[in-house]
Amino acid sequence: MQYPEPIAQLIDSYTKLPGIGQKSATRLAFFTLGMDEEDVTGFAQALIAAKRDLHFCSICGNITESDPCVICADPTRDQTEVLVVEQAKDVMAMENTREYHGLYHVLHGVLSPLEGKGPDDINIASLVTRLQTNEAITEVIVATNANSEGEATAMYLSRLLKPAGIKVTRLAHGLAVGSDIDYADEMTLIKAVEGRTEL
Ligand SMILES: [Zn+2]
């Protein structure tokens, strides 16, 4: 027996989310059917609004409603440092510490030879352009995650940027190997930035 078309479509939509297989999608679809209509409408509207109203900042790649984003547009931020992260959510994690006052650059991924992801597949070209056109920036702090792909990306950036006279540093790893910066607690992140080492 097949599910009625609307629920089959809902299940199909849930399977497009990361880590959601057919079984989880079916469970979520039936859960959704049991929700209040008001909550379901709010959920659907939030999905549409997030996609419609949010963009990537043309300078740093962060998620933003305005372009440039509030961080890039803020003249009181330290214009000499750029902290490079994998995902926009890492910017939030770092901002929550309230201890970092420089700028950011979001790569939207890491180099991953196994997944066929090279430098052209992540947001590196715009970082190079940014450094070429903005002479105020003297240091790039690589805050990719502490796993092999994060390390390989840090080494690549170091080799790419150092010849241009940019100081390239890496977060100190009080962060456990394999840990993601958006899961690190705030004190650990603060210490990791303070104890950063030159690559
Ligand atoms: Zn920005």
# chains A, B, ... in the order shown; residues from 1 in each chain; ligands from 1

call {"tool": "select_by_dssp", "arguments": {"residues": "chain A", "states": "helix (DSSP H, G or I)", "output": "VMD selection string"}}
result
chain A and resid 5 to 14 22 to 33 37 to 53 88 to 97 113 to 115 119 to 121 125 to 133 148 to 164 186 to 194

call {"tool": "residues_around", "arguments": {"residues": "Asp78 of chain A", "least_positions_apart": "3", "cutoff": "10 Å", "atoms": "only C-alpha atoms", "output": "PyMOL selection string"}}
result
chain A and resi 74-75+81-82+100-103+136-137

call {"tool": "write_last_selection", "arguments": {"atoms": "C-alpha atoms", "output": "PDB file, in the first residue's frame"}}
result
ATOM      1  CA  ASP A  74      31.054  47.944  11.693  1.00  0.00           C
ATOM      2  CA  PRO A  75      34.029  50.390  11.683  1.00  0.00           C
ATOM      3  CA  GLU A  81      42.394  40.497  11.756  1.00  0.00           C
ATOM      4  CA  VAL A  82      40.290  38.043   9.778  1.00  0.00           C
ATOM      5  CA  TYR A 100      36.985  38.448  19.475  1.00  0.00           C
ATOM      6  CA  HIS A 101      36.623  41.877  17.874  1.00  0.00           C
ATOM      7  CA  GLY A 102      38.095  41.372  14.418  1.00  0.00           C
ATOM      8  CA  LEU A 103      36.516  40.371  11.113  1.00  0.00           C
ATOM      9  CA  ALA A 136      44.542  46.961   6.598  1.00  0.00           C
ATOM     10  CA  ILE A 137      44.358  43.165   7.070  1.00  0.00           C
TER      11      ILE A 137
END

call {"tool": "residues_near_ligand", "arguments": {"ligand": "ligand 1", "cutoff": "8 Å", "atoms": "only C-alpha atoms and all ligand atoms", "output": "ChimeraX atom specification"}}
result
/A:56-64,67-73,103-105

call {"tool": "residues_around", "arguments": {"residues": "segment 158-160 of chain A", "least_positions_apart": "3", "cutoff": "12 Å", "atoms": "only C-alpha atoms", "output": "list in words"}}
result
Val84, Pro119, Ile124, Ala125, Leu127, Val128, Leu131, Glu139, Val140, Ile141, Val142, Glu151, Ala152, Thr153, Ala154, Met155, Pro163, Ala164, Gly165, Ile166, Lys167, Val168, Thr169, Arg170, Thr197, Glu198 and Leu199 of chain A

call {"tool": "residues_around", "arguments": {"residues": "Ala50 of chain A", "least_positions_apart": "5", "cutoff": "10 Å", "atoms": "only C-alpha atoms", "output": "ChimeraX atom specification"}}
result
/A:45,55,65

call {"tool": "write_last_selection", "arguments": {"atoms": "N, CA and C atoms", "output": "compact mmCIF listing (two decimals), in the first residue's frame"}}
result
# COMPACT_ATOMS: atom_id res chain seq x y z
N GLN A 45 6.42 28.83 7.17
CA GLN A 45 6.75 30.22 6.89
C GLN A 45 8.19 30.55 7.28
N HIS A 55 20.91 36.16 2.96
CA HIS A 55 21.86 36.04 1.85
C HIS A 55 23.24 35.85 2.44
N GLU A 65 21.02 39.56 6.59
CA GLU A 65 19.84 40.16 5.95
C GLU A 65 20.26 41.35 5.11

call {"tool": "atom_distance", "arguments": {"atom1": "atom CA of Asn96 of chain A", "atom2": "atom CA of Glu194 of chain A"}}
result
15.6 Å

call {"tool": "select_by_dssp", "arguments": {"residues": "segment 116-172 of chain A", "states": "strand (DSSP E)", "output": "JSON, numbers by chain"}}
result
{"A": [139, 140, 141, 142, 167, 168, 169, 170]}

call {"tool": "atom_distance", "arguments": {"atom1": "atom CA of Lys191 of chain A", "atom2": "atom CA of Ala172 of chain A"}}
result
7.5 Å

call {"tool": "closest_residue", "arguments": {"among": "A:Gln132, A:Asp185, A:Ser66, A:Ala146", "to": "Val85 of chain A", "atoms": "only C-alpha atoms"}}
result
A:Ala146

call {"tool": "closest_residue", "arguments": {"among": "A:Asp180, A:Asp120, A:Glu95, A:Glu38", "to": "Ala143 of chain A", "atoms": "only C-alpha atoms"}}
result
A:Asp180

call {"tool": "atom_distance", "arguments": {"atom1": "atom CA of Gly34 of chain A", "atom2": "atom CA of Arg52 of chain A"}}
result
27.3 Å
